[in-house]
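K.L.:
Structure file final.csv (CSV, C-alpha atoms) is given on the next line.
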```
chain,number,residue,atom,x,y,z
A,145,HIS,CA,-6.6,27.6,-27.6
A,146,ASP,CA,-9.8,29.3,-26.4
A,147,PRO,CA,-8.7,32.3,-24.4
A,148,ALA,CA,-11.8,32.0,-22.2
A,149,HIS,CA,-10.5,28.6,-21.0
A,150,GLY,CA,-7.4,28.6,-18.9
A,151,ARG,CA,-4.3,30.6,-19.5
A,152,THR,CA,-1.9,30.9,-22.3
A,153,ALA,CA,1.0,31.3,-19.9
A,154,TYR,CA,2.9,28.3,-18.6
A,155,ARG,CA,2.6,29.1,-14.9
A,156,PRO,CA,-0.8,28.9,-13.2
A,157,THR,CA,-2.0,31.8,-11.1
A,158,THR,CA,-1.8,31.5,-7.4
A,159,ALA,CA,-5.6,31.0,-7.2
A,160,LEU,CA,-5.4,28.2,-9.7
A,161,ARG,CA,-2.5,26.5,-7.8
A,162,ARG,CA,-4.6,26.7,-4.6
A,163,THR,CA,-7.6,25.2,-6.4
A,164,ILE,CA,-5.5,22.2,-7.7
A,165,GLU,CA,-3.8,21.7,-4.3
A,166,ALA,CA,-7.2,21.6,-2.6
A,167,ARG,CA,-8.5,19.2,-5.2
A,168,HIS,CA,-5.5,16.8,-4.7
A,169,VAL,CA,-4.0,17.1,-1.2
A,170,THR,CA,-1.1,14.8,-2.2
A,171,CYS,CA,0.8,13.9,-5.4
A,172,ALA,CA,-1.7,12.5,-7.9
A,173,PHE,CA,0.3,9.4,-8.5
A,174,PRO,CA,-1.4,6.4,-6.9
A,175,THR,CA,0.1,5.6,-3.4
A,176,CYS,CA,2.3,8.7,-3.3
A,177,ASN,CA,1.6,10.8,-0.2
A,178,ARG,CA,3.9,13.9,-0.8
A,179,ARG,CA,1.8,17.0,0.0
A,180,SER,CA,0.6,18.7,-3.2
A,181,SER,CA,2.0,22.0,-2.0
A,182,ARG,CA,5.5,20.4,-2.4
A,183,CYS,CA,4.8,19.1,-5.9
A,184,ASP,CA,5.1,20.5,-9.4
A,185,LEU,CA,1.9,21.4,-11.1
A,186,ASP,CA,2.2,19.3,-14.2
A,187,HIS,CA,0.4,19.7,-17.5
A,188,THR,CA,-1.3,16.4,-18.5
A,189,ILE,CA,-1.2,17.5,-22.1
A,190,PRO,CA,2.1,19.2,-22.5
A,191,TRP,CA,2.0,23.0,-22.3
A,192,GLY,CA,1.9,24.5,-25.8
A,193,ARG,CA,-0.5,21.8,-27.0
A,194,GLY,CA,-2.7,21.9,-23.8
A,195,PRO,CA,-3.8,24.9,-21.7
A,196,THR,CA,-2.9,25.9,-18.2
A,197,CYS,CA,-6.2,25.1,-16.5
A,198,GLN,CA,-8.0,22.9,-14.0
A,199,CYS,CA,-8.7,20.2,-16.6
A,200,ASN,CA,-5.0,19.9,-17.6
A,201,LEU,CA,-3.1,20.3,-14.4
A,202,ALA,CA,-2.3,17.9,-11.5
A,203,PRO,CA,0.2,18.0,-8.7
A,204,LEU,CA,3.0,15.5,-9.2
A,205,CYS,CA,6.1,15.1,-7.0
A,206,ARG,CA,9.3,15.5,-9.0
A,207,LYS,CA,9.8,11.7,-9.1
A,208,HIS,CA,6.4,11.0,-10.6
A,209,HIS,CA,6.5,14.0,-12.8
A,210,ARG,CA,9.7,12.6,-14.4
A,211,GLY,CA,8.4,9.1,-14.4
A,212,LYS,CA,5.3,10.1,-16.3
A,213,GLN,CA,7.6,11.3,-19.1
A,214,THR,CA,9.4,7.9,-19.5
A,215,PRO,CA,8.5,5.8,-22.5
A,216,GLY,CA,5.5,3.6,-22.1
A,217,TRP,CA,3.7,5.6,-19.4
A,218,ARG,CA,0.5,7.6,-20.3
A,219,LEU,CA,-1.6,9.9,-18.2
A,220,VAL,CA,-5.1,10.9,-19.2
A,221,GLN,CA,-7.3,13.5,-17.4
A,222,PRO,CA,-10.8,13.1,-18.9
A,223,TRP,CA,-12.2,15.7,-16.5
A,224,PRO,CA,-10.7,17.9,-13.9
A,225,GLY,CA,-9.1,15.8,-11.1
A,226,LEU,CA,-9.8,12.4,-12.6
A,227,LEU,CA,-6.5,10.9,-13.6
A,228,ILE,CA,-6.0,7.6,-15.4
A,229,TRP,CA,-2.4,6.3,-15.3
A,230,ILE,CA,-1.6,3.7,-17.9
A,231,THR,CA,1.6,1.7,-17.2
A,232,PRO,CA,3.9,0.4,-19.8
A,233,SER,CA,2.4,-3.1,-19.3
A,234,GLY,CA,-1.1,-1.7,-20.0
A,235,SER,CA,-2.5,-1.7,-16.4
A,236,TRP,CA,-4.7,1.2,-15.5
A,237,HIS,CA,-4.7,3.0,-12.1
A,238,ILE,CA,-7.2,5.7,-11.4
A,239,THR,CA,-6.7,8.7,-9.1
A,240,LEU,CA,-9.8,10.6,-7.9
A,241,PRO,CA,-9.8,14.1,-6.6
A,242,ASP,CA,-9.9,14.4,-2.8
A,243,ARG,CA,-12.6,17.1,-3.3
A,244,GLN,CA,-14.1,19.0,-6.2
```
Turn the structure described in the file into structure tokens.

P.N.:
Amino acid sequence: HDPAHGRTAYRPTTALRRTIEARHVTCAFPTCNRRSSRCDLDHTIPWGRGPTCQCNLAPLCRKHHRGKQTPGWRLVQPWPGLLIWITPSGSWHITLPDRQ
């Protein structure tokens, strides 16, 4: 892990949380409209292997946070805020940030 990039701690700073919540106003799962301030900030690449940073965090409501971890689902974040959901059947769904 590059210490200049993100945090080594699991929890994001308040400023980082606000940045992520501004980037995605709602849960980052397609069609979910739960406000991001009421969501978990989930690591796309699990913490320990991935950093706590803008490029690895997204707001997910508890339902979609748990759903992401079920067999067959994949989530990729190729750059901060762009999320590609891959379903167990292989369909892709893209979530874009509300703002950068």

K.L.:
For A:Pro190, which of A:Val220, A:Ile164, A:Cys176, A:Cys171 is the closest residue, counting only C-alpha atoms?

P.N.:
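Closest to A:Pro190 of all the choices is A:Val220.
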
K.L.:
Just checking: using all atoms listed in the file, which residue out of A:Leu227, A:Ala153, A:His168, A:Asn177 ends up closest to A:Arg193?

P.N.:
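Of A:Leu227, A:Ala153, A:His168, A:Asn177, the one nearest A:Arg193, counting all atoms listed in the file, is A:Ala153.
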
K.L.:
Check the smallest atom-to-atom distance from each of A:Thr188, A:Thr196, A:Ser181, A:Thr158 to A:Gly225 using all atoms listed in the file, then report the winner.

P.N.:
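Nearest candidate to A:Gly225 out of A:Thr188, A:Thr196, A:Ser181, A:Thr158: A:Thr188.
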
K.L.:
Can you list, as an mmCIF file with C-alpha atoms, keeping the file's coordinate frame, every protein, DNA or RNA residue that comes within 12 Å of A:Ala159 when you count all atoms listed in the file, leaving out same-chain residues fewer than 5 positions away?

P.N.:
```
data_model
loop_
_atom_site.group_PDB
_atom_site.id
_atom_site.type_symbol
_atom_site.label_atom_id
_atom_site.label_comp_id
_atom_site.auth_asym_id
_atom_site.auth_seq_id
_atom_site.Cartn_x
_atom_site.Cartn_y
_atom_site.Cartn_z
ATOM 1 C CA ILE A 164 -5.500 22.200 -7.700
ATOM 2 C CA GLU A 165 -3.800 21.700 -4.300
ATOM 3 C CA ALA A 166 -7.200 21.600 -2.600
ATOM 4 C CA CYS A 197 -6.200 25.100 -16.500
ATOM 5 C CA GLN A 198 -8.000 22.900 -14.000
#
```

K.L.:
Taking (-9.9, 15.3, -5.1) in the file's coordinates, which residues come within 6 Å, counting all atoms listed in the file, written as a ChimeraX atom specification?

P.N.:
/A:167-168,240-244

K.L.:
Extract, using all atoms listed in the file, all DNA, RNA and protein residues at most 8 Å from A:His237, discarding same-chain residues fewer than 2 positions from it, and format them as a PDB file with C-alpha atoms, in the coordinates of the input.

P.N.:
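Full text of selection_32.pdb as output:
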```
ATOM      1  CA  PRO A 174      -1.400   6.400  -6.900  1.00  0.00           C
ATOM      2  CA  ILE A 228      -6.000   7.600 -15.400  1.00  0.00           C
ATOM      3  CA  TRP A 229      -2.400   6.300 -15.300  1.00  0.00           C
ATOM      4  CA  ILE A 230      -1.600   3.700 -17.900  1.00  0.00           C
ATOM      5  CA  SER A 235      -2.500  -1.700 -16.400  1.00  0.00           C
ATOM      6  CA  THR A 239      -6.700   8.700  -9.100  1.00  0.00           C
TER       7      THR A 239
END
```

K.L.:
Counting all atoms listed in the file, which of A:Thr157, A:Gly192, A:Ile238, A:Cys205 gets nearest to A:Arg179?

P.N.:
A:Cys205

K.L.:
Using only C-alpha atoms, find the one residue out of A:Cys183, A:Trp191, A:Thr170, A:Pro222 that sits nearest to A:Arg210.

P.N.:
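Smallest separation from A:Arg210 among the options: A:Cys183.
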
K.L.:
Rounded to one decimal, what separation in Å do you get between atom CA of A:Arg155 and atom CA of A:Pro215?

P.N.:
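Spanning atom CA of A:Arg155 to atom CA of A:Pro215 is a straight-line distance of 25.2 Å.
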
K.L.:
One decimal, Å: what's the distance from atom CA of A:Gln213 over to atom CA of A:Asp184, could you say?

P.N.:
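A separation of 13.6 Å between them.
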
K.L.:
Could you check the closest approach to A:Arg206 for each of A:Leu160, A:Asp186, A:Trp236, A:Thr175 and tell me which residue wins, using all atoms listed in the file?

P.N.:
A:Asp186

K.L.:
Rounded to one decimal place, report the atom CA of A:Pro156-atom CA of A:Lys207 distance in Å.

P.N.:
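For atom CA of A:Pro156 relative to atom CA of A:Lys207, the distance reads 20.6 Å.
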
K.L.:
Excluding A:Gly216 and any residue of its chain fewer than 2 positions from it, enumerate the residues within 7 Å of it, using all atoms listed in the file, and give them as a tab-separated table (two decimals) with C-alpha atoms, in the frame of the given file.

P.N.:
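After the write, around-v8.tsv holds the following:
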```
chain	number	residue	atom	x	y	z
A	214	THR	CA	9.40	7.90	-19.50
A	218	ARG	CA	0.50	7.60	-20.30
A	231	THR	CA	1.60	1.70	-17.20
A	232	PRO	CA	3.90	0.40	-19.80
```
